[in-house]
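Source file entry_26.cif; content: mmCIF, C-alpha atoms.
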```
data_entry
#
loop_
_atom_site.label_atom_id
_atom_site.label_comp_id
_atom_site.auth_asym_id
_atom_site.auth_seq_id
_atom_site.Cartn_x
_atom_site.Cartn_y
_atom_site.Cartn_z
CA MET A 1 7.97 21.02 -3.68
CA ARG A 2 9.65 19.71 -0.54
CA ARG A 3 6.74 17.35 0.17
CA SER A 4 6.91 16.04 -3.39
CA VAL A 5 10.62 15.29 -3.04
CA TYR A 6 9.99 13.70 0.36
CA VAL A 7 7.33 11.33 -0.97
CA LEU A 8 9.50 10.40 -3.96
CA ILE A 9 12.26 9.46 -1.52
CA ILE A 10 9.75 7.25 0.32
CA LEU A 11 8.84 5.57 -2.98
CA PHE A 12 12.52 4.87 -3.61
CA LEU A 13 13.02 3.44 -0.13
CA VAL A 14 9.97 1.22 -0.48
CA MET A 15 11.61 -0.31 -3.56
CA ILE A 16 14.96 -1.08 -1.92
CA LEU A 17 14.31 -1.48 1.80
CA PRO A 18 12.01 -3.58 3.97
CA LEU A 19 10.65 -0.55 5.82
CA PRO A 20 9.70 -1.19 9.46
CA ILE A 21 6.08 -0.76 10.44
CA VAL A 22 4.78 0.83 13.62
CA ALA A 23 3.18 -2.14 15.43
CA GLN A 24 0.56 -0.03 17.22
CA ASP A 25 -0.88 1.17 13.91
CA TYR A 26 -0.86 -2.11 11.99
CA GLN A 27 -4.26 -3.72 11.56
CA LEU A 28 -4.09 -7.48 11.74
CA GLY A 29 -5.77 -9.60 9.09
CA ALA A 30 -6.22 -13.16 7.89
CA GLY A 31 -2.85 -14.60 6.91
CA ASP A 32 -0.78 -12.72 9.49
CA VAL A 33 1.27 -15.04 11.69
CA LEU A 34 1.57 -14.08 15.36
CA THR A 35 3.79 -14.79 18.33
CA ILE A 36 2.07 -14.44 21.71
CA ASN A 37 3.98 -14.25 24.99
CA VAL A 38 2.71 -14.22 28.56
CA TRP A 39 5.47 -12.98 30.85
CA GLY A 40 6.43 -15.59 33.45
CA PHE A 41 4.35 -18.34 31.81
CA ASP A 42 6.47 -20.02 29.15
CA GLU A 43 3.89 -22.77 28.79
CA LEU A 44 1.42 -20.21 27.43
CA LYS A 45 3.77 -18.92 24.75
CA ILE A 46 2.50 -19.50 21.22
CA ASP A 47 4.86 -19.37 18.25
CA GLN A 48 3.77 -18.83 14.66
CA LEU A 49 0.02 -18.72 15.21
CA PRO A 50 -1.75 -17.87 11.91
CA ILE A 51 -4.91 -15.81 11.82
CA ARG A 52 -7.52 -17.95 10.12
CA PRO A 53 -9.47 -16.89 7.00
CA ASP A 54 -12.42 -16.03 9.26
CA GLY A 55 -10.16 -13.52 11.06
CA LYS A 56 -10.04 -15.46 14.33
CA ILE A 57 -7.46 -17.24 16.46
CA SER A 58 -7.84 -19.84 19.18
CA ILE A 59 -5.56 -19.84 22.24
CA PRO A 60 -5.57 -21.71 25.57
CA LEU A 61 -7.63 -20.17 28.41
CA SER A 62 -8.94 -17.49 26.08
CA GLY A 63 -10.80 -19.53 23.50
CA GLU A 64 -11.62 -18.11 20.09
CA LEU A 65 -10.87 -14.43 19.61
CA GLN A 66 -11.44 -12.02 16.76
CA ALA A 67 -8.01 -10.81 15.65
CA ALA A 68 -8.58 -9.33 12.19
CA GLY A 69 -9.17 -5.60 12.31
CA MET A 70 -7.32 -5.18 15.61
CA THR A 71 -3.84 -3.83 16.20
CA PRO A 72 -1.36 -6.10 18.01
CA GLY A 73 -1.76 -3.89 21.10
CA GLU A 74 -5.55 -4.16 21.05
CA LEU A 75 -5.37 -7.94 20.68
CA ALA A 76 -2.90 -8.11 23.59
CA THR A 77 -5.38 -6.14 25.71
CA THR A 78 -8.19 -8.54 24.81
CA ILE A 79 -6.05 -11.58 25.67
CA THR A 80 -4.98 -9.93 28.92
CA SER A 81 -8.63 -9.47 29.87
CA LYS A 82 -9.42 -13.12 29.15
CA LEU A 83 -6.37 -14.47 30.98
CA GLY A 84 -7.11 -12.20 33.94
CA GLN A 85 -9.88 -14.63 34.88
CA TYR A 86 -7.24 -17.29 35.59
CA ILE A 87 -3.96 -15.43 36.14
CA LYS A 88 -3.34 -12.44 38.33
CA ASP A 89 -2.17 -9.37 36.39
CA PRO A 90 -0.95 -11.17 33.26
CA VAL A 91 1.48 -9.32 31.00
CA VAL A 92 0.79 -10.20 27.37
CA SER A 93 2.63 -9.20 24.23
CA VAL A 94 1.55 -9.85 20.64
CA ASN A 95 4.06 -9.59 17.81
CA VAL A 96 3.71 -10.18 14.09
CA PHE A 97 6.04 -13.04 13.18
CA LYS A 98 5.15 -12.83 9.48
CA PHE A 99 3.04 -10.25 7.68
CA ARG A 100 0.30 -11.41 5.36
CA THR A 101 0.77 -10.90 1.65
CA THR A 102 -1.71 -8.94 -0.45
CA ARG A 103 -1.76 -9.52 -4.20
CA VAL A 104 -2.46 -6.39 -6.25
CA TYR A 105 -2.26 -5.47 -9.93
CA VAL A 106 -0.66 -2.22 -11.09
CA PHE A 107 -1.31 -1.16 -14.69
CA GLY A 108 -1.10 1.92 -16.86
CA GLU A 109 1.57 4.59 -16.58
CA VAL A 110 4.03 2.82 -14.27
CA VAL A 111 7.57 1.68 -14.95
CA LYS A 112 6.89 -2.05 -14.44
CA PRO A 113 3.20 -2.94 -14.85
CA GLY A 114 2.17 -6.30 -13.44
CA MET A 115 1.03 -8.29 -10.44
CA TYR A 116 2.76 -7.70 -7.10
CA GLU A 117 2.56 -9.29 -3.69
CA ILE A 118 3.04 -6.61 -1.05
CA GLU A 119 3.38 -6.92 2.71
CA LYS A 120 2.79 -4.78 5.77
CA GLN A 121 0.61 -1.74 5.14
CA HIS A 122 -0.69 -2.73 1.68
CA ASN A 123 -1.27 0.82 0.48
CA LEU A 124 -0.97 2.78 -2.75
CA ILE A 125 2.60 3.90 -2.08
CA ASP A 126 3.64 0.28 -1.50
CA ALA A 127 2.07 -0.75 -4.80
CA LEU A 128 3.68 2.10 -6.76
CA GLY A 129 7.03 1.38 -5.15
CA SER A 130 6.79 -2.26 -6.21
CA ALA A 131 5.96 -1.19 -9.77
CA GLY A 132 8.96 1.14 -9.97
CA SER A 133 6.90 4.33 -9.48
CA TYR A 134 4.86 6.24 -12.07
CA THR A 135 6.08 7.37 -15.49
CA ARG A 136 6.50 10.98 -16.60
CA ASP A 137 3.27 10.64 -18.61
CA ALA A 138 1.11 9.59 -15.66
CA ALA A 139 -1.89 11.75 -14.79
CA LYS A 140 -1.26 11.93 -11.06
CA LYS A 141 -4.68 13.48 -10.43
CA LYS A 142 -6.42 10.47 -11.94
CA VAL A 143 -5.31 7.26 -10.28
CA TYR A 144 -8.05 4.64 -10.11
CA ILE A 145 -8.46 1.83 -7.59
CA ILE A 146 -10.68 -0.98 -8.85
CA ARG A 147 -11.75 -3.20 -6.01
CA LYS A 148 -12.17 -6.93 -6.32
CA GLU A 149 -15.80 -7.69 -7.22
CA GLN A 150 -16.34 -4.01 -8.02
CA THR A 151 -20.05 -3.15 -8.35
CA ASN A 152 -19.84 0.64 -8.67
CA ALA A 153 -17.49 3.30 -10.04
CA PRO A 154 -13.77 2.82 -9.29
CA LEU A 155 -12.25 4.85 -6.47
CA LYS A 156 -10.49 7.93 -7.85
CA VAL A 157 -7.32 9.00 -6.04
CA ASN A 158 -5.44 12.29 -6.41
CA LEU A 159 -1.82 11.23 -6.09
CA LEU A 160 -0.68 14.81 -6.70
CA ASN A 161 -2.28 15.87 -3.40
CA LEU A 162 -0.31 13.15 -1.65
CA LEU A 163 2.95 14.23 -3.30
CA GLU A 164 2.61 17.99 -2.99
CA LYS A 165 0.34 18.46 0.03
CA GLY A 166 1.12 15.37 2.07
CA ASP A 167 -2.55 14.35 2.04
CA MET A 168 -2.20 10.84 3.47
CA SER A 169 -5.91 10.15 2.94
CA GLN A 170 -4.93 9.57 -0.69
CA ASN A 171 -2.57 6.76 0.33
CA VAL A 172 -5.40 4.26 0.05
CA THR A 173 -5.20 0.86 1.72
CA LEU A 174 -5.39 -1.92 -0.86
CA ASN A 175 -7.13 -5.25 -0.53
CA ASP A 176 -6.25 -8.59 -2.08
CA GLY A 177 -7.10 -8.58 -5.78
CA ASP A 178 -7.35 -4.79 -6.14
CA ILE A 179 -6.24 -3.12 -9.38
CA VAL A 180 -4.33 0.17 -9.43
CA TYR A 181 -4.55 1.97 -12.75
CA LEU A 182 -2.66 5.15 -13.64
CA THR A 183 -4.10 7.00 -16.61
CA LYS A 184 -2.09 8.95 -19.16
CA ASN A 185 -2.10 12.72 -18.98
CA ASN A 186 -2.98 14.99 -21.90
CA ARG A 187 0.05 17.20 -21.54
CA ILE A 188 1.30 18.81 -24.74
CA GLU A 189 5.06 19.22 -25.00
CA PHE A 190 6.39 21.88 -27.36
CA ALA A 191 9.51 19.98 -28.44
CA LYS A 192 7.74 16.65 -28.90
CA ASP A 193 4.26 17.58 -30.10
CA ILE A 194 4.39 21.11 -31.56
CA LEU A 195 7.88 21.59 -32.99
CA PRO A 196 7.65 18.74 -35.55
CA TRP A 197 4.47 20.29 -36.97
CA ILE A 198 6.08 23.73 -37.17
CA SER A 199 9.10 22.20 -38.87
CA ALA A 200 6.96 20.26 -41.34
CA THR A 201 4.86 23.35 -42.10
CA TYR A 202 8.01 25.41 -42.68
CA GLN A 203 9.45 22.82 -45.05
CA ILE A 204 6.19 22.69 -47.06
CA SER A 205 6.19 26.47 -47.23
CA VAL A 206 9.76 26.49 -48.53
CA ILE A 207 8.91 23.87 -51.18
CA ASN A 208 5.85 25.81 -52.31
CA ASN A 209 7.79 29.06 -52.54
CA ASN A 210 10.41 27.42 -54.70
#
```
Take the structure in the file and give it back as structure tokens.
Amino acid sequence: MRRSVYVLIILFLVMILPLPIVAQDYQLGAGDVLTINVWGFDELKIDQLPIRPDGKISIPLSGELQAAGMTPGELATTITSKLGQYIKDPVVSVNVFKFRTTRVYVFGEVVKPGMYEIEKQHNLIDALGSAGSYTRDAAKKKVYIIRKEQTNAPLKVNLLNLLEKGDMSQNVTLNDGDIVYLTKNNRIEFAKDILPWISATYQISVINNN
């Protein structure tokens, strides 16, 4: 129960706050814009360097480097190794000036279905937060991720395990063009589904008896 409340709080915060991201864990991708600093060498500083669609960047003394798929720290290590051929003990830092935007579609049992552009970690929680969270009728065990150019069965996600057990493996990373679909549950509610039938049956019985 506590985990469920905790994750719901996260969903709320995602909707109202630009949550910070841990730089070491963020995987760079095409569209991210970087700032690269080399301590003591202002002439080697690069502001607002975009990662190209092929996932690469080109910087002086280092040439073309693969950036997509790396964390900022890993890329800094790679640049440090390249610059070490020309500079003694270079100190390199890589920061994300602007996060890339991923366009996803959220349909089904959510408060605000539609297309959303999400930044930073691009995961299921981000998408649900953008769509105002799930509705009370959502089947949280049956959330489907349909990948762009899908050729096989959609990925099935158990959101309930994320909410109640903290299973972060269910917080799937989304790619540009992905569709998130929340199905409707088959829950039967006494007051809504059963009581009207009982009432109608009772009234018919009364009419017949009279």
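Picture a line from atom CA of A:Ile179 to atom CA of A:Gly29; it runs 19.6 Å.
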Using all atoms listed in the file, which of A:Lys98, A:Met115, A:Ser58, A:Lys140 sits nearest A:Val157?
->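 For A:Val157, the nearest of the given residues is A:Lys140.
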Tell me which of A:Ser62, A:Gln85, A:Gln48, A:Thr102 sits closest to A:Asn175, counting all atoms listed in the file.
->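 The closest residue to A:Asn175 is A:Thr102.
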Assuming the chain letters and numbering stay as they are in my file, what does the PyMOL selection byres ((chain A and resi 177) around 9) actually select? List them as a short mmCIF file (atom, residue, chain, number, x, y, z; two decimals) with C-alpha atoms, in the frame of the given file.
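part.cif was written with the following content:
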```
data_model
loop_
_atom_site.label_atom_id
_atom_site.label_comp_id
_atom_site.auth_asym_id
_atom_site.auth_seq_id
_atom_site.Cartn_x
_atom_site.Cartn_y
_atom_site.Cartn_z
CA THR A 102 -1.71 -8.94 -0.45
CA ARG A 103 -1.76 -9.52 -4.20
CA VAL A 104 -2.46 -6.39 -6.25
CA TYR A 105 -2.26 -5.47 -9.93
CA ILE A 146 -10.68 -0.98 -8.85
CA ARG A 147 -11.75 -3.20 -6.01
CA LYS A 148 -12.17 -6.93 -6.32
CA GLU A 149 -15.80 -7.69 -7.22
CA LEU A 174 -5.39 -1.92 -0.86
CA ASN A 175 -7.13 -5.25 -0.53
CA ASP A 176 -6.25 -8.59 -2.08
CA ASP A 178 -7.35 -4.79 -6.14
CA ILE A 179 -6.24 -3.12 -9.38
#
```
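Checking A:Asp32, A:Asp54, A:Asp137, A:Glu117 one by one against A:Arg100, counting all atoms listed in the file, you find the shortest gap at A:Asp32.
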Report the residues retrieved by the PyMOL selection byres ((chain A and resi 158) around 10) from the displayed file, expressed as a list in words.
->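 On the file shown, the PyMOL selection byres ((chain A and resi 158) around 10) covers Ala139, Lys140, Lys141, Lys142, Val143, Tyr144, Lys156, Val157, Leu159, Leu160, Asn161, Leu162, Leu163, Asp167, Ser169, Gln170 and Asn171 of chain A.
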Calculate how many Å separate atom CA of A:Glu119 from atom CA of A:Glu64, rounding to one decimal.
-> 25.5 Å
One-decimal distance in Å that lies between atom CA of A:Ala30 and atom CA of A:Pro154 | 24.6 Å
Residue nearest A:Phe97 among A:Ile46, A:Ile59, A:Val38, A:Val172 (counting all atoms listed in the file) |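 Of A:Ile46, A:Ile59, A:Val38, A:Val172, the one nearest A:Phe97 is A:Ile46, counting all atoms listed in the file.
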Nearest to A:Thr35 by atom-to-atom distance, counting only C-alpha atoms, from A:Leu124, A:Leu65, A:Ala131, A:Ala76 =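 Residue with the minimum atom-to-atom distance to A:Thr35: A:Ala76.
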Hey, what comes out of the PyMOL selection byres ((chain A and resi 136) around 10) on this file? Could you write it as a PyMOL selection string?
-> chain A and resi 109-111+133-135+137-140+184-185
Shortest contact to A:Phe99, candidates A:Gly63, A:Gly40, A:Pro72, A:Gly129, atoms counted all atoms listed in the file, goes to A:Pro72
